[in-house]
$ cat work.tsv   # TSV, N, CA and C atoms
chain	number	residue	atom	x	y	z
A	118	MET	N	0.83	-1.17	0.00
A	118	MET	CA	0.00	0.00	0.00
A	118	MET	C	0.89	1.24	0.00
A	119	ARG	N	0.62	2.17	-0.87
A	119	ARG	CA	1.42	3.39	-1.01
A	119	ARG	C	0.69	4.56	-0.38
A	120	PHE	N	1.38	5.31	0.48
A	120	PHE	CA	0.78	6.46	1.13
A	120	PHE	C	1.15	7.73	0.40
A	121	ASP	N	0.19	8.59	0.25
A	121	ASP	CA	0.43	9.89	-0.34
A	121	ASP	C	1.08	10.78	0.73
A	122	ALA	N	2.00	11.64	0.35
A	122	ALA	CA	2.69	12.51	1.31
A	122	ALA	C	1.70	13.41	2.04
A	123	ARG	N	0.65	13.82	1.37
A	123	ARG	CA	-0.35	14.69	2.02
A	123	ARG	C	-1.04	13.96	3.17
A	124	VAL	N	-1.29	12.68	3.01
A	124	VAL	CA	-1.95	11.90	4.05
A	124	VAL	C	-1.02	11.79	5.27
A	125	VAL	N	0.25	11.56	5.02
A	125	VAL	CA	1.22	11.46	6.10
A	125	VAL	C	1.33	12.80	6.85
A	126	VAL	N	1.42	13.90	6.12
A	126	VAL	CA	1.51	15.22	6.74
A	126	VAL	C	0.25	15.51	7.56
A	127	LEU	N	-0.90	15.17	7.02
A	127	LEU	CA	-2.15	15.38	7.74
A	127	LEU	C	-2.19	14.56	9.02
A	128	ALA	N	-1.77	13.30	8.95
A	128	ALA	CA	-1.77	12.43	10.12
A	128	ALA	C	-0.83	12.96	11.20
A	129	VAL	N	0.36	13.40	10.81
A	129	VAL	CA	1.32	13.95	11.77
A	129	VAL	C	0.78	15.24	12.38
A	130	SER	N	0.15	16.07	11.58
A	130	SER	CA	-0.42	17.32	12.07
A	130	SER	C	-1.52	17.06	13.09
A	131	LEU	N	-2.39	16.11	12.78
A	131	LEU	CA	-3.47	15.78	13.70
A	131	LEU	C	-2.92	15.19	15.00
A	132	PHE	N	-1.92	14.35	14.89
A	132	PHE	CA	-1.30	13.75	16.07
A	132	PHE	C	-0.64	14.82	16.94
A	133	ALA	N	0.06	15.76	16.30
A	133	ALA	CA	0.78	16.80	17.03
A	133	ALA	C	-0.15	17.80	17.71
A	134	THR	N	-1.34	17.96	17.18
A	134	THR	CA	-2.26	18.94	17.75
A	134	THR	C	-3.36	18.30	18.57
A	135	ALA	N	-3.21	17.04	18.92
A	135	ALA	CA	-4.23	16.35	19.72
A	135	ALA	C	-4.41	17.06	21.05
A	136	ALA	N	-5.62	17.06	21.54
A	136	ALA	CA	-5.92	17.73	22.81
A	136	ALA	C	-5.20	17.05	23.96
A	137	PRO	N	-4.60	17.81	24.85
A	137	PRO	CA	-3.91	17.22	25.99
A	137	PRO	C	-4.91	16.71	27.03
A	138	SER	N	-4.45	15.80	27.85
A	138	SER	CA	-5.32	15.29	28.91
A	138	SER	C	-5.45	16.34	30.01
A	139	ALA	N	-6.48	16.19	30.83
A	139	ALA	CA	-6.72	17.15	31.91
A	139	ALA	C	-5.58	17.14	32.93
A	140	ALA	N	-4.93	16.00	33.12
A	140	ALA	CA	-3.83	15.91	34.09
A	140	ALA	C	-2.65	16.76	33.65
A	141	ASP	N	-2.40	16.87	32.35
A	141	ASP	CA	-1.27	17.65	31.86
A	141	ASP	C	-1.58	19.13	31.77
A	142	ALA	N	-2.83	19.51	31.69
A	142	ALA	CA	-3.21	20.89	31.42
A	142	ALA	C	-2.76	21.85	32.52
A	143	SER	N	-2.71	21.40	33.77
A	143	SER	CA	-2.38	22.30	34.86
A	143	SER	C	-0.92	22.75	34.82
A	144	GLU	N	-0.01	21.92	34.37
A	144	GLU	CA	1.41	22.24	34.35
A	144	GLU	C	1.94	22.54	32.96
A	145	ARG	N	1.10	22.59	31.98
A	145	ARG	CA	1.54	22.72	30.60
A	145	ARG	C	1.95	24.14	30.27
A	146	ARG	N	3.14	24.27	29.71
A	146	ARG	CA	3.59	25.52	29.11
A	146	ARG	C	3.80	25.21	27.64
A	147	PHE	N	3.50	26.14	26.77
A	147	PHE	CA	3.57	25.87	25.34
A	147	PHE	C	4.37	26.96	24.65
A	148	ASP	N	5.30	26.54	23.80
A	148	ASP	CA	6.11	27.45	23.00
A	148	ASP	C	5.77	27.17	21.54
A	149	PRO	N	5.17	28.09	20.83
A	149	PRO	CA	4.73	27.82	19.46
A	149	PRO	C	5.86	27.70	18.44
A	150	ARG	N	7.08	28.01	18.81
A	150	ARG	CA	8.20	27.94	17.86
A	150	ARG	C	8.65	26.50	17.66
A	151	VAL	N	8.65	26.05	16.42
A	151	VAL	CA	9.13	24.70	16.12
A	151	VAL	C	10.66	24.70	16.10
A	152	ILE	N	11.24	25.72	15.50
A	152	ILE	CA	12.70	25.84	15.41
A	152	ILE	C	13.11	27.10	16.16
A	153	VAL	N	14.02	26.93	17.11
A	153	VAL	CA	14.52	28.05	17.90
A	153	VAL	C	15.98	28.26	17.52
A	154	VAL	N	16.36	29.50	17.23
A	154	VAL	CA	17.73	29.80	16.81
A	154	VAL	C	18.32	30.90	17.67
A	155	GLY	N	19.64	31.02	17.58
A	155	GLY	CA	20.34	32.11	18.24
A	155	GLY	C	20.39	31.97	19.75
A	156	GLU	N	20.28	33.13	20.41
A	156	GLU	CA	20.38	33.17	21.86
A	156	GLU	C	19.25	32.40	22.53
A	157	ALA	N	18.06	32.41	21.94
A	157	ALA	CA	16.92	31.69	22.50
A	157	ALA	C	17.21	30.18	22.55
A	158	ARG	N	17.92	29.67	21.54
A	158	ARG	CA	18.27	28.25	21.52
A	158	ARG	C	19.22	27.91	22.66
A	159	GLU	N	20.20	28.77	22.89
A	159	GLU	CA	21.15	28.54	23.98
A	159	GLU	C	20.44	28.56	25.33
A	160	GLN	N	19.50	29.48	25.50
A	160	GLN	CA	18.75	29.53	26.76
A	160	GLN	C	17.90	28.28	26.93
A	161	LEU	N	17.29	27.81	25.84
A	161	LEU	CA	16.46	26.61	25.89
A	161	LEU	C	17.29	25.37	26.22
A	162	LYS	N	18.48	25.27	25.63
A	162	LYS	CA	19.36	24.12	25.88
A	162	LYS	C	19.85	24.09	27.33
A	163	ALA	N	19.90	25.24	28.01
A	163	ALA	CA	20.38	25.31	29.38
A	163	ALA	C	19.35	24.78	30.38
A	164	VAL	N	18.11	24.65	29.95
A	164	VAL	CA	17.03	24.19	30.83
A	164	VAL	C	16.92	22.67	30.71
A	165	PRO	N	16.77	21.94	31.83
A	165	PRO	CA	16.59	20.48	31.75
A	165	PRO	C	15.36	20.13	30.91
A	166	ILE	N	15.41	19.02	30.20
A	166	ILE	CA	14.35	18.66	29.26
A	166	ILE	C	12.98	18.52	29.94
A	167	THR	N	12.96	18.13	31.20
A	167	THR	CA	11.68	17.97	31.90
A	167	THR	C	11.05	19.30	32.27
A	168	GLN	N	11.80	20.41	32.17
A	168	GLN	CA	11.27	21.72	32.52
A	168	GLN	C	11.08	22.63	31.32
A	169	ARG	N	11.41	22.16	30.14
A	169	ARG	CA	11.24	22.98	28.93
A	169	ARG	C	9.76	23.04	28.55
A	170	PRO	N	9.38	24.08	27.80
A	170	PRO	CA	7.99	24.16	27.35
A	170	PRO	C	7.71	23.14	26.25
A	171	TYR	N	6.45	22.76	26.12
A	171	TYR	CA	6.04	21.86	25.05
A	171	TYR	C	6.12	22.62	23.73
A	172	ARG	N	6.54	21.91	22.65
A	172	ARG	CA	6.68	22.53	21.34
A	172	ARG	C	6.09	21.61	20.29
A	173	PRO	N	5.47	22.19	19.27
A	173	PRO	CA	4.87	21.35	18.23
A	173	PRO	C	5.93	20.55	17.48
A	174	LEU	N	5.59	19.30	17.17
A	174	LEU	CA	6.41	18.37	16.40
A	174	LEU	C	7.66	17.89	17.14
A	175	HIS	N	7.82	18.22	18.41
A	175	HIS	CA	8.96	17.75	19.18
A	175	HIS	C	8.51	16.53	19.99
A	176	VAL	N	8.36	15.43	19.30
A	176	VAL	CA	7.76	14.22	19.86
A	176	VAL	C	8.56	13.69	21.04
A	177	TYR	N	9.87	13.58	20.90
A	177	TYR	CA	10.68	13.00	21.97
A	177	TYR	C	10.61	13.86	23.24
A	178	GLY	N	10.91	15.13	23.12
A	178	GLY	CA	10.91	16.00	24.29
A	178	GLY	C	9.54	16.09	24.95
A	179	ASN	N	8.49	16.22	24.14
A	179	ASN	CA	7.15	16.29	24.69
A	179	ASN	C	6.78	14.99	25.40
A	180	SER	N	7.18	13.85	24.86
A	180	SER	CA	6.89	12.56	25.49
A	180	SER	C	7.61	12.43	26.83
A	181	VAL	N	8.87	12.85	26.87
A	181	VAL	CA	9.64	12.79	28.11
A	181	VAL	C	8.97	13.67	29.16
A	182	ARG	N	8.54	14.87	28.78
A	182	ARG	CA	7.90	15.77	29.74
A	182	ARG	C	6.57	15.21	30.23
A	183	ARG	N	5.79	14.61	29.34
A	183	ARG	CA	4.50	14.03	29.76
A	183	ARG	C	4.72	12.87	30.74
A	184	ARG	N	5.65	11.99	30.42
A	184	ARG	CA	5.93	10.86	31.32
A	184	ARG	C	6.41	11.35	32.68
A	185	HIS	N	7.29	12.35	32.66
A	185	HIS	CA	7.81	12.90	33.91
A	185	HIS	C	6.67	13.53	34.72
A	186	GLN	N	5.82	14.32	34.06
A	186	GLN	CA	4.73	14.99	34.76
A	186	GLN	C	3.76	13.98	35.37
A	187	ARG	N	3.46	12.93	34.64
A	187	ARG	CA	2.55	11.91	35.15
A	187	ARG	C	3.15	11.15	36.33
A	188	ALA	N	4.47	10.97	36.32
A	188	ALA	CA	5.12	10.25	37.41
A	188	ALA	C	5.19	11.13	38.66
A	189	VAL	N	5.39	12.43	38.48
A	189	VAL	CA	5.51	13.34	39.61
A	189	VAL	C	4.16	13.59	40.27
A	190	SER	N	3.13	13.83	39.47
A	190	SER	CA	1.80	14.11	40.03
A	190	SER	C	0.77	13.24	39.33
A	191	PRO	N	0.60	12.03	39.82
A	191	PRO	CA	-0.37	11.12	39.18
A	191	PRO	C	-1.77	11.68	39.24
A	192	ALA	N	-2.52	11.47	38.17
A	192	ALA	CA	-3.89	11.97	38.08
A	192	ALA	C	-4.78	11.23	39.06
A	193	VAL	N	-5.73	11.93	39.59
A	193	VAL	CA	-6.71	11.30	40.47
A	193	VAL	C	-7.69	10.54	39.59
A	194	ARG	N	-7.78	9.27	39.82
A	194	ARG	CA	-8.64	8.43	38.98
A	194	ARG	C	-9.96	8.18	39.68
A	195	ARG	N	-11.01	8.24	38.90
A	195	ARG	CA	-12.33	7.94	39.44
A	195	ARG	C	-12.50	6.43	39.52
A	196	PRO	N	-13.16	5.93	40.58
A	196	PRO	CA	-13.40	4.48	40.63
A	196	PRO	C	-14.32	4.05	39.51
A	197	SER	N	-14.08	2.88	39.02
A	197	SER	CA	-14.90	2.37	37.93
A	197	SER	C	-16.29	2.01	38.45
A	198	SER	N	-17.29	2.16	37.60
A	198	SER	CA	-18.67	1.90	38.01
A	198	SER	C	-19.07	0.44	37.79
A	199	ARG	N	-18.11	-0.39	37.43
A	199	ARG	CA	-18.42	-1.80	37.19
A	199	ARG	C	-18.45	-2.61	38.43
$ encode --input "work.tsv" --output "structure tokens"
Amino acid sequence: MRFDARVVVLAVSLFATAAPSAADASERRFDPRVIVVGEAREQLKAVPITQRPYRPLHVYGNSVRRRHQRAVSPAVRRPSSR
């Protein structure tokens, strides 16, 4: 099966813009810049990855921050009604 590039770009875009969970929303900081250059890049690199702001298309860094945030402050889960 051959995928069209537009389908792949659309899928990645939808994945990258998926709504965050309620547990992440309280601590979420967002930086809309995909590529950071110059002095801003040096400042960003000086911050530990778990404290950097979330950025679009930065799958690895965003995943690390989400896992860290969930481990530090686990979400309050509702008991199941079953």
$ residues_around --input "work.tsv" --residues "range 166-177 of chain A" --least-positions-apart "4" --cutoff "6 Å" --atoms "all atoms listed in the file" --output "PDB file with N, CA and C atoms, in the frame of the given file"
ATOM      1  N   ALA A 133       0.060  15.760  16.300  1.00  0.00           N
ATOM      2  CA  ALA A 133       0.780  16.800  17.030  1.00  0.00           C
ATOM      3  C   ALA A 133      -0.150  17.800  17.710  1.00  0.00           C
ATOM      4  N   ARG A 146       3.140  24.270  29.710  1.00  0.00           N
ATOM      5  CA  ARG A 146       3.590  25.520  29.110  1.00  0.00           C
ATOM      6  C   ARG A 146       3.800  25.210  27.640  1.00  0.00           C
ATOM      7  N   PHE A 147       3.500  26.140  26.770  1.00  0.00           N
ATOM      8  CA  PHE A 147       3.570  25.870  25.340  1.00  0.00           C
ATOM      9  C   PHE A 147       4.370  26.960  24.650  1.00  0.00           C
ATOM     10  N   ASP A 148       5.300  26.540  23.800  1.00  0.00           N
ATOM     11  CA  ASP A 148       6.110  27.450  23.000  1.00  0.00           C
ATOM     12  C   ASP A 148       5.770  27.170  21.540  1.00  0.00           C
ATOM     13  N   PRO A 149       5.170  28.090  20.830  1.00  0.00           N
ATOM     14  CA  PRO A 149       4.730  27.820  19.460  1.00  0.00           C
ATOM     15  C   PRO A 149       5.860  27.700  18.440  1.00  0.00           C
ATOM     16  N   ARG A 150       7.080  28.010  18.810  1.00  0.00           N
ATOM     17  CA  ARG A 150       8.200  27.940  17.860  1.00  0.00           C
ATOM     18  C   ARG A 150       8.650  26.500  17.660  1.00  0.00           C
ATOM     19  N   VAL A 151       8.650  26.050  16.420  1.00  0.00           N
ATOM     20  CA  VAL A 151       9.130  24.700  16.120  1.00  0.00           C
ATOM     21  C   VAL A 151      10.660  24.700  16.100  1.00  0.00           C
ATOM     22  N   VAL A 181       8.870  12.850  26.870  1.00  0.00           N
ATOM     23  CA  VAL A 181       9.640  12.790  28.110  1.00  0.00           C
ATOM     24  C   VAL A 181       8.970  13.670  29.160  1.00  0.00           C
ATOM     25  N   ARG A 182       8.540  14.870  28.780  1.00  0.00           N
ATOM     26  CA  ARG A 182       7.900  15.770  29.740  1.00  0.00           C
ATOM     27  C   ARG A 182       6.570  15.210  30.230  1.00  0.00           C
TER      28      ARG A 182
END
$ axis_aligned_box --input "work.tsv" --around "range 172-190 of chain A" --padding-each-side "4 Å" --output "JSON"
{"center_x": 5.8, "center_y": 16.4, "center_z": 28.3, "size_x": 18.1, "size_y": 20.3, "size_z": 31.9}
$ atom_distance --input "work.tsv" --atom1 "atom N of Gly178 in chain A" --atom2 "CA of Ala157 in chain A"
17.6 Å
